[in-house]
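Structure data (PDB, C-alpha atoms, pLDDT in the B column) from final.pdb:
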```pdb
MODEL        1
ATOM      1  CA  MET A  23     -27.718-113.262   5.680  1.00 50.00           C
ATOM      2  CA  ASN A  24     -24.474-115.021   6.381  1.00 50.00           C
ATOM      3  CA  GLY A  25     -23.426-114.217   2.854  1.00 52.00           C
ATOM      4  CA  PHE A  26     -25.002-110.751   2.894  1.00 46.00           C
ATOM      5  CA  LEU A  27     -23.043-109.282   5.807  1.00 46.00           C
ATOM      6  CA  ASP A  28     -20.026-111.563   5.501  1.00 50.00           C
ATOM      7  CA  ARG A  29     -19.449-110.430   1.908  1.00 44.00           C
ATOM      8  CA  LEU A  30     -19.483-106.870   3.142  1.00 39.00           C
ATOM      9  CA  ARG A  31     -17.227-107.568   6.104  1.00 43.00           C
ATOM     10  CA  GLY A  32     -14.812-109.338   3.792  1.00 43.00           C
ATOM     11  CA  ALA A  33     -14.454-106.120   1.826  1.00 38.00           C
ATOM     12  CA  ALA A  34     -13.833-104.203   5.057  1.00 39.00           C
ATOM     13  CA  ALA A  35     -11.102-106.610   6.122  1.00 41.00           C
ATOM     14  CA  ASP A  36      -9.152-105.905   2.926  1.00 42.00           C
ATOM     15  CA  PRO A  37      -6.427-103.341   3.743  1.00 39.00           C
ATOM     16  CA  SER A  38      -6.958-101.700   0.364  1.00 41.00           C
ATOM     17  CA  THR A  39     -10.376-100.499   1.558  1.00 40.00           C
ATOM     18  CA  GLU A  40      -9.068 -98.244   4.337  1.00 41.00           C
ATOM     19  CA  ASP A  41     -10.152 -94.636   3.956  1.00 44.00           C
ATOM     20  CA  ASP A  42      -6.613 -93.240   3.749  1.00 44.00           C
ATOM     21  CA  ALA A  43      -5.334 -95.791   1.266  1.00 39.00           C
ATOM     22  CA  PRO A  44      -6.227 -95.507  -2.395  1.00 38.00           C
ATOM     23  CA  SER A  45      -7.931 -98.602  -3.647  1.00 40.00           C
ATOM     24  CA  PRO A  46      -7.955-100.010  -7.116  1.00 39.00           C
ATOM     25  CA  ALA A  47     -11.351 -99.894  -8.728  1.00 37.00           C
ATOM     26  CA  PRO A  48     -12.698-103.434  -8.749  1.00 41.00           C
ATOM     27  CA  ILE A  49     -14.593-104.728 -11.717  1.00 39.00           C
ATOM     28  CA  PRO A  50     -18.287-104.315 -10.897  1.00 40.00           C
ATOM     29  CA  ALA A  51     -20.379-107.464 -10.798  1.00 44.00           C
ATOM     30  CA  ALA A  52     -22.988-107.907 -13.471  1.00 41.00           C
ATOM     31  CA  GLY A  53     -25.985-105.713 -12.771  1.00 41.00           C
ATOM     32  CA  THR A  54     -24.156-103.255 -10.515  1.00 42.00           C
ATOM     33  CA  LEU A  55     -23.109 -99.691 -11.023  1.00 41.00           C
ATOM     34  CA  ALA A  56     -19.446 -98.712 -10.986  1.00 40.00           C
ATOM     35  CA  GLY A  57     -19.896 -96.290  -8.042  1.00 40.00           C
ATOM     36  CA  GLU A  58     -21.442 -98.890  -5.741  1.00 42.00           C
ATOM     37  CA  THR A  59     -18.140-100.300  -4.529  1.00 50.00           C
ATOM     38  CA  GLU A  60     -17.118 -97.163  -2.658  1.00 58.00           C
ATOM     39  CA  THR A  61     -20.615 -96.838  -1.217  1.00 47.00           C
ATOM     40  CA  VAL A  62     -20.500-100.393   0.068  1.00 48.00           C
ATOM     41  CA  ARG A  63     -17.107 -99.739   1.653  1.00 56.00           C
ATOM     42  CA  ARG A  64     -18.459 -96.729   3.522  1.00 59.00           C
ATOM     43  CA  ILE A  65     -21.467 -98.685   4.712  1.00 55.00           C
ATOM     44  CA  VAL A  66     -19.318-101.557   5.901  1.00 59.00           C
ATOM     45  CA  ALA A  67     -17.147 -99.157   7.879  1.00 65.00           C
ATOM     46  CA  ARG A  68     -20.255 -97.840   9.647  1.00 64.00           C
ATOM     47  CA  LEU A  69     -21.535-101.351  10.351  1.00 69.00           C
ATOM     48  CA  ASP A  70     -18.132-102.425  11.660  1.00 75.00           C
ATOM     49  CA  ALA A  71     -18.550 -99.887  14.467  1.00 75.00           C
ATOM     50  CA  LEU A  72     -21.478-101.969  15.767  1.00 78.00           C
ATOM     51  CA  PRO A  73     -21.091-105.240  17.659  1.00 82.00           C
ATOM     52  CA  ALA A  74     -21.126-108.073  15.123  1.00 80.00           C
ATOM     53  CA  ALA A  75     -24.334-109.674  16.423  1.00 83.00           C
ATOM     54  CA  ARG A  76     -26.161-106.332  16.356  1.00 84.00           C
ATOM     55  CA  ALA A  77     -24.908-105.564  12.841  1.00 83.00           C
ATOM     56  CA  ARG A  78     -26.142-108.984  11.634  1.00 85.00           C
ATOM     57  CA  PHE A  79     -29.541-108.392  13.223  1.00 88.00           C
ATOM     58  CA  LEU A  80     -29.900-104.908  11.718  1.00 89.00           C
ATOM     59  CA  ALA A  81     -28.691-106.057   8.310  1.00 88.00           C
ATOM     60  CA  GLY A  82     -31.313-108.813   8.324  1.00 90.00           C
ATOM     61  CA  PHE A  83     -34.046-106.508   9.596  1.00 93.00           C
ATOM     62  CA  ALA A  84     -33.306-103.880   6.950  1.00 94.00           C
ATOM     63  CA  TYR A  85     -33.079-106.478   4.183  1.00 93.00           C
ATOM     64  CA  VAL A  86     -36.452-107.981   5.108  1.00 95.00           C
ATOM     65  CA  LEU A  87     -38.011-104.500   5.000  1.00 96.00           C
ATOM     66  CA  ALA A  88     -36.415-103.845   1.615  1.00 95.00           C
ATOM     67  CA  ARG A  89     -37.708-107.200   0.402  1.00 95.00           C
ATOM     68  CA  ALA A  90     -41.277-106.207   1.306  1.00 95.00           C
ATOM     69  CA  ALA A  91     -40.876-102.768  -0.276  1.00 94.00           C
ATOM     70  CA  HIS A  92     -39.329-104.187  -3.453  1.00 94.00           C
ATOM     71  CA  ALA A  93     -42.022-106.849  -3.963  1.00 94.00           C
ATOM     72  CA  ASP A  94     -43.702-104.601  -6.540  1.00 91.00           C
ATOM     73  CA  LEU A  95     -40.279-103.893  -8.123  1.00 91.00           C
ATOM     74  CA  ASP A  96     -40.206-100.321  -6.825  1.00 91.00           C
ATOM     75  CA  ILE A  97     -38.999 -98.811  -3.559  1.00 94.00           C
ATOM     76  CA  SER A  98     -40.464 -95.338  -3.240  1.00 95.00           C
ATOM     77  CA  GLU A  99     -39.135 -92.405  -1.247  1.00 96.00           C
ATOM     78  CA  ALA A 100     -42.046 -92.802   1.184  1.00 96.00           C
ATOM     79  CA  GLU A 101     -41.199 -96.483   1.714  1.00 96.00           C
ATOM     80  CA  THR A 102     -37.540 -95.588   2.192  1.00 96.00           C
ATOM     81  CA  ALA A 103     -38.414 -92.995   4.847  1.00 96.00           C
ATOM     82  CA  VAL A 104     -40.474 -95.539   6.803  1.00 96.00           C
ATOM     83  CA  MET A 105     -37.649 -98.074   6.526  1.00 97.00           C
ATOM     84  CA  GLU A 106     -35.131 -95.552   7.837  1.00 96.00           C
ATOM     85  CA  SER A 107     -37.380 -94.674  10.763  1.00 96.00           C
ATOM     86  CA  ALA A 108     -37.954 -98.342  11.650  1.00 95.00           C
ATOM     87  CA  VAL A 109     -34.259 -99.229  11.439  1.00 93.00           C
ATOM     88  CA  ALA A 110     -33.280 -96.185  13.519  1.00 93.00           C
ATOM     89  CA  GLU A 111     -35.908 -96.936  16.158  1.00 92.00           C
ATOM     90  CA  LEU A 112     -35.321-100.673  16.452  1.00 85.00           C
ATOM     91  CA  GLY A 113     -31.566-100.433  16.058  1.00 81.00           C
ATOM     92  CA  GLY A 114     -30.973 -97.388  18.199  1.00 82.00           C
ATOM     93  CA  LEU A 115     -29.076 -95.879  15.278  1.00 86.00           C
ATOM     94  CA  ASP A 116     -28.632 -92.230  14.503  1.00 84.00           C
ATOM     95  CA  PRO A 117     -30.411 -91.063  11.336  1.00 89.00           C
ATOM     96  CA  ALA A 118     -27.212 -91.110   9.254  1.00 87.00           C
ATOM     97  CA  GLN A 119     -26.474 -94.719  10.205  1.00 86.00           C
ATOM     98  CA  ALA A 120     -30.068 -95.723   9.493  1.00 92.00           C
ATOM     99  CA  VAL A 121     -29.867 -94.149   6.032  1.00 92.00           C
ATOM    100  CA  ILE A 122     -26.696 -96.078   5.276  1.00 87.00           C
ATOM    101  CA  VAL A 123     -28.087 -99.422   6.471  1.00 89.00           C
ATOM    102  CA  VAL A 124     -31.328 -98.921   4.525  1.00 94.00           C
ATOM    103  CA  GLU A 125     -29.528 -97.879   1.333  1.00 92.00           C
ATOM    104  CA  LEU A 126     -27.372-100.997   1.494  1.00 88.00           C
ATOM    105  CA  ALA A 127     -30.412-103.186   2.118  1.00 91.00           C
ATOM    106  CA  LYS A 128     -32.219-101.605  -0.842  1.00 93.00           C
ATOM    107  CA  LEU A 129     -29.211-102.190  -3.078  1.00 90.00           C
ATOM    108  CA  GLN A 130     -28.954-105.811  -1.986  1.00 87.00           C
ATOM    109  CA  SER A 131     -32.695-106.378  -2.419  1.00 87.00           C
ATOM    110  CA  ARG A 132     -32.621-104.980  -5.944  1.00 88.00           C
ATOM    111  CA  THR A 133     -29.612-107.041  -7.011  1.00 86.00           C
ATOM    112  CA  ARG A 134     -29.696-110.243  -4.932  1.00 80.00           C
ATOM    113  CA  PHE A 135     -33.386-111.166  -4.625  1.00 72.00           C
ATOM    114  CA  GLY A 136     -34.764-114.662  -5.112  1.00 80.00           C
ATOM    115  CA  THR A 137     -32.969-117.293  -3.078  1.00 80.00           C
ATOM    116  CA  GLU A 138     -31.216-114.581  -1.077  1.00 84.00           C
ATOM    117  CA  ASP A 139     -34.624-113.355   0.143  1.00 89.00           C
ATOM    118  CA  TYR A 140     -35.313-116.763   1.636  1.00 89.00           C
ATOM    119  CA  LEU A 141     -31.827-117.236   3.080  1.00 89.00           C
ATOM    120  CA  VAL A 142     -31.663-113.817   4.732  1.00 89.00           C
ATOM    121  CA  THR A 143     -35.177-114.089   6.156  1.00 92.00           C
ATOM    122  CA  ARG A 144     -34.542-117.578   7.552  1.00 92.00           C
ATOM    123  CA  GLU A 145     -31.290-116.476   9.157  1.00 91.00           C
ATOM    124  CA  PHE A 146     -32.994-113.397  10.604  1.00 93.00           C
ATOM    125  CA  ALA A 147     -35.631-115.743  12.064  1.00 94.00           C
ATOM    126  CA  GLY A 148     -32.845-117.503  13.956  1.00 92.00           C
ATOM    127  CA  LEU A 149     -31.609-114.202  15.400  1.00 91.00           C
ATOM    128  CA  ALA A 150     -34.955-112.624  16.299  1.00 94.00           C
ATOM    129  CA  SER A 151     -37.230-113.192  19.273  1.00 95.00           C
ATOM    130  CA  ASP A 152     -40.940-113.769  18.715  1.00 96.00           C
ATOM    131  CA  ASP A 153     -41.602-110.107  19.557  1.00 95.00           C
ATOM    132  CA  GLU A 154     -38.931-108.979  17.082  1.00 95.00           C
ATOM    133  CA  LYS A 155     -40.455-111.163  14.363  1.00 96.00           C
ATOM    134  CA  LEU A 156     -43.813-109.470  14.923  1.00 96.00           C
ATOM    135  CA  ALA A 157     -42.053-106.084  14.946  1.00 94.00           C
ATOM    136  CA  VAL A 158     -40.503-106.775  11.540  1.00 95.00           C
ATOM    137  CA  LEU A 159     -43.909-107.813  10.168  1.00 96.00           C
ATOM    138  CA  ARG A 160     -45.494-104.604  11.512  1.00 95.00           C
ATOM    139  CA  ALA A 161     -42.667-102.661   9.906  1.00 95.00           C
ATOM    140  CA  CYS A 162     -43.137-104.548   6.602  1.00 96.00           C
ATOM    141  CA  PHE A 163     -46.815-103.578   6.576  1.00 95.00           C
ATOM    142  CA  ALA A 164     -45.959 -99.968   7.472  1.00 95.00           C
ATOM    143  CA  VAL A 165     -43.347 -99.807   4.700  1.00 95.00           C
ATOM    144  CA  SER A 166     -45.710-101.323   2.142  1.00 94.00           C
ATOM    145  CA  ALA A 167     -48.509 -98.946   3.196  1.00 93.00           C
ATOM    146  CA  ALA A 168     -46.263 -95.878   2.981  1.00 93.00           C
ATOM    147  CA  ASP A 169     -47.626 -95.141  -0.504  1.00 89.00           C
ATOM    148  CA  ASP A 170     -51.160 -95.393   0.927  1.00 89.00           C
ATOM    149  CA  GLU A 171     -51.826 -98.797  -0.635  1.00 91.00           C
ATOM    150  CA  ILE A 172     -50.461-102.300  -0.135  1.00 91.00           C
ATOM    151  CA  SER A 173     -50.257-104.020  -3.508  1.00 91.00           C
ATOM    152  CA  SER A 174     -51.074-107.687  -3.936  1.00 90.00           C
ATOM    153  CA  GLU A 175     -47.366-108.313  -4.638  1.00 93.00           C
ATOM    154  CA  GLU A 176     -46.389-106.653  -1.359  1.00 94.00           C
ATOM    155  CA  ALA A 177     -49.095-108.557   0.555  1.00 93.00           C
ATOM    156  CA  GLY A 178     -47.851-111.827  -0.965  1.00 94.00           C
ATOM    157  CA  ALA A 179     -44.261-111.034  -0.029  1.00 95.00           C
ATOM    158  CA  ILE A 180     -45.275-110.275   3.573  1.00 96.00           C
ATOM    159  CA  ASN A 181     -47.137-113.600   3.742  1.00 96.00           C
ATOM    160  CA  GLU A 182     -43.963-115.372   2.550  1.00 96.00           C
ATOM    161  CA  ILE A 183     -41.852-113.439   5.058  1.00 97.00           C
ATOM    162  CA  ALA A 184     -44.207-114.448   7.888  1.00 98.00           C
ATOM    163  CA  ARG A 185     -43.986-118.128   6.860  1.00 97.00           C
ATOM    164  CA  GLU A 186     -40.193-117.969   6.674  1.00 96.00           C
ATOM    165  CA  LEU A 187     -40.054-116.278  10.085  1.00 97.00           C
ATOM    166  CA  GLY A 188     -42.228-119.040  11.518  1.00 97.00           C
ATOM    167  CA  VAL A 189     -45.033-116.658  12.506  1.00 97.00           C
ATOM    168  CA  GLU A 190     -48.360-118.455  12.844  1.00 96.00           C
ATOM    169  CA  ARG A 191     -51.304-117.290  10.753  1.00 96.00           C
ATOM    170  CA  PRO A 192     -53.371-115.930  13.705  1.00 97.00           C
ATOM    171  CA  ALA A 193     -50.447-113.728  14.792  1.00 97.00           C
ATOM    172  CA  LEU A 194     -49.947-112.519  11.209  1.00 96.00           C
ATOM    173  CA  ASN A 195     -53.653-111.758  10.888  1.00 95.00           C
ATOM    174  CA  ALA A 196     -53.584-109.745  14.121  1.00 95.00           C
ATOM    175  CA  VAL A 197     -50.756-107.586  12.711  1.00 94.00           C
ATOM    176  CA  ARG A 198     -52.443-107.368   9.292  1.00 93.00           C
ATOM    177  CA  GLU A 199     -55.722-106.127  10.834  1.00 92.00           C
ATOM    178  CA  ALA A 200     -54.263-102.642  11.402  1.00 92.00           C
ATOM    179  CA  TYR A 201     -53.673-102.296   7.644  1.00 91.00           C
ATOM    180  CA  VAL A 202     -56.808-103.939   6.213  1.00 86.00           C
ATOM    181  CA  ASP A 203     -58.034-100.668   4.646  1.00 87.00           C
ATOM    182  CA  ARG A 204     -54.773-100.262   2.733  1.00 78.00           C
ATOM    183  CA  PHE A 205     -54.879-103.507   0.729  1.00 82.00           C
ATOM    184  CA  SER A 206     -55.441-102.849  -2.970  1.00 73.00           C
ATOM    185  CA  ALA A 207     -57.457-106.073  -3.343  1.00 73.00           C
ATOM    186  CA  ILE A 208     -59.820-105.092  -0.524  1.00 73.00           C
ATOM    187  CA  ARG A 209     -60.233-101.609  -1.953  1.00 74.00           C
ATOM    188  CA  ALA A 210     -61.034-103.063  -5.378  1.00 74.00           C
ATOM    189  CA  ALA A 211     -63.576-105.469  -3.887  1.00 76.00           C
ATOM    190  CA  ARG A 212     -65.243-102.621  -2.002  1.00 74.00           C
ATOM    191  CA  ARG A 213     -65.436-100.522  -5.189  1.00 77.00           C
ATOM    192  CA  LEU A 214     -67.081-103.434  -7.005  1.00 77.00           C
ATOM    193  CA  ALA A 215     -69.533-103.951  -4.154  1.00 83.00           C
ATOM    194  CA  ARG A 216     -70.556-100.287  -4.282  1.00 84.00           C
ATOM    195  CA  GLY A 217     -71.346-100.762  -7.876  1.00 75.00           C
TER     196      GLY A 217
ENDMDL
END
```
Starting from the coordinates I provided, produce the structure as structure tokens.
Amino acid sequence: MNGFLDRLRGAAADPSTEDDAPSPAPIPAAGTLAGETETVRRIVARLDALPAARARFLAGFAYVLARAAHADLDISEAETAVMESAVAELGGLDPAQAVIVVELAKLQSRTRFGTEDYLVTREFAGLASDDEKLAVLRACFAVSAADDEISSEEAGAINEIARELGVERPALNAVREAYVDRFSAIRAARRLARG
């Protein structure tokens, strides 16, 4: 997450990114859209209004949620709505700020997955209390279940997230229990058992 938020803050520190100053259009990185740069600048400006430690925490929280949602390579509108609600509630953000934080996290998850998933989650683990780690896991399950079913890819990603957060298996299972009827694998097994 160091890189995640620091890259964004670096853009905000550049005087050419001030709202009243025109900025040259940077060359988009591979895999990005040309319009993303201005969006990122606006998001960074909103995050800069928060205390740095809180912004880091919220950036990590939102990224971990986006990671869970994107495990099946799709982040639906329903998943996005649950993410926005969770970020607003946990972060004490107004709805507009929550939308901005979630949109940035989704963008980052879609373009910087892989090693970044691990790095951001591990750094978030260092910032979060045990209760906050369980809260992010509950939110990951809620986000993944937003489409009424938790895919095996999403379940696998949440297991990885729990390991990287240092959450013990019994605690993970206690959180998972509330969503047991939403797992696609369990539903398939039940259909087979019914014949």
Subject >> Separation of atom CA of A:Glu199 from atom CA of A:Arg144 in Å >> reply: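 Atom-to-atom, atom CA of A:Arg144 to atom CA of A:Glu199, that is 24.3 Å.
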Taking only C-alpha atoms into account, produce a table as a tab-separated table in which each residue of stretch 108-156 of chain A with an atom at most 12 Å from an atom of stretch 170-188 of chain A appears once, together with its shortest atom pair and the distance in Å to one decimal, ordered by chain and rising number.
```
residue	atom	partner	partner_atom	distance
A:Phe135	CA	A:Ala179	CA	11.8
A:Gly136	CA	A:Ala179	CA	11.4
A:Asp139	CA	A:Ile183	CA	8.7
A:Tyr140	CA	A:Glu186	CA	7.1
A:Leu141	CA	A:Glu186	CA	9.1
A:Val142	CA	A:Glu186	CA	9.7
A:Thr143	CA	A:Glu186	CA	6.4
A:Arg144	CA	A:Glu186	CA	5.7
A:Glu145	CA	A:Leu187	CA	8.8
A:Phe146	CA	A:Leu187	CA	7.6
A:Ala147	CA	A:Leu187	CA	4.9
A:Gly148	CA	A:Leu187	CA	8.3
A:Leu149	CA	A:Leu187	CA	10.2
A:Ala150	CA	A:Leu187	CA	8.8
A:Ser151	CA	A:Leu187	CA	10.1
A:Asp152	CA	A:Gly188	CA	9.0
A:Asp153	CA	A:Leu187	CA	11.4
A:Glu154	CA	A:Leu187	CA	10.2
A:Lys155	CA	A:Leu187	CA	6.7
A:Leu156	CA	A:Ala184	CA	8.6
```
Subject >> Atomic distance atom CA of A:Glu138 - atom CA of A:Glu190, expressed in Å with one decimal >> reply: 22.4 Å
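With all atoms listed in the file taken into account, the protein and nucleic acid residues at most 12 Å from A:Gly113 (excluding it and anything under 4 positions from it in its own chain) are Leu69, Leu72, Pro73, Ala75, Arg76, Ala77, Arg78, Phe79, Leu80, Ala81, Gly82, Phe83, Ala84, Met105, Glu106, Ser107, Ala108, Val109, Pro117, Gln119, Ala120, Val121, Val123, Val124, Glu154, Ala157 and Val158 of chain A.
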Subject >> Nearest to A:Ala196, chosen from A:Arg216, A:Arg209, A:Arg160, A:Arg134, with only C-alpha atoms counted in the distances >> reply: A:Arg160
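The residue that comes closest to A:Glu125, out of A:Ala74, A:Ala168, A:Ile97, A:Ala193 and on the basis of all atoms listed in the file, is A:Ile97.
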Subject >> Residue neighbourhood A:Leu95, 10 Å, all atoms listed in the file, exclusion window fewer than 2 positions, as a list of chain:residue names >> reply: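 The neighbour list is A:Arg89, A:Ala90, A:Ala91, A:His92, A:Ala93, A:Ile97, A:Ser98, A:Ser131, A:Arg132, A:Glu175, A:Glu176.
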**OP:** Go through A:Ser206, A:Ser166, A:Thr137, A:Gln130 one by one, measure the shortest atom-to-atom distance of each to A:Val104 using all atoms listed in the file, and give the residue with the smallest value.
**Re:**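 Of the candidates, the smallest distance to A:Val104 is held by A:Ser166.
As for atom CA of A:Ala167 and atom CA of A:Glu111, they are spaced 18.2 Å apart.
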Exercise on stretch 190-205 of chain A, axis-aligned box with 3 Å per side, report centre and edge lengths in Å to one decimal, as lines of an AutoDock Vina configuration file:
```
center_x = -53.2
center_y = -109.4
center_z = 7.8
size_x = 15.7
size_y = 24.2
size_z = 20.1
```
Original post:
Given the choices A:Cys162, A:Asp96, A:Thr102, A:Tyr85, which gets closest to A:Ala127 if the distance is worked out from only C-alpha atoms?
Top reply: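 That would be A:Tyr85, the residue with the smallest distance to A:Ala127.
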Subject >> Who sits within 8 Å of A:Tyr201, all atoms listed in the file, same chain under 4 positions skipped, as a PyMOL selection string >> reply: chain A and resi 163+167+197+205
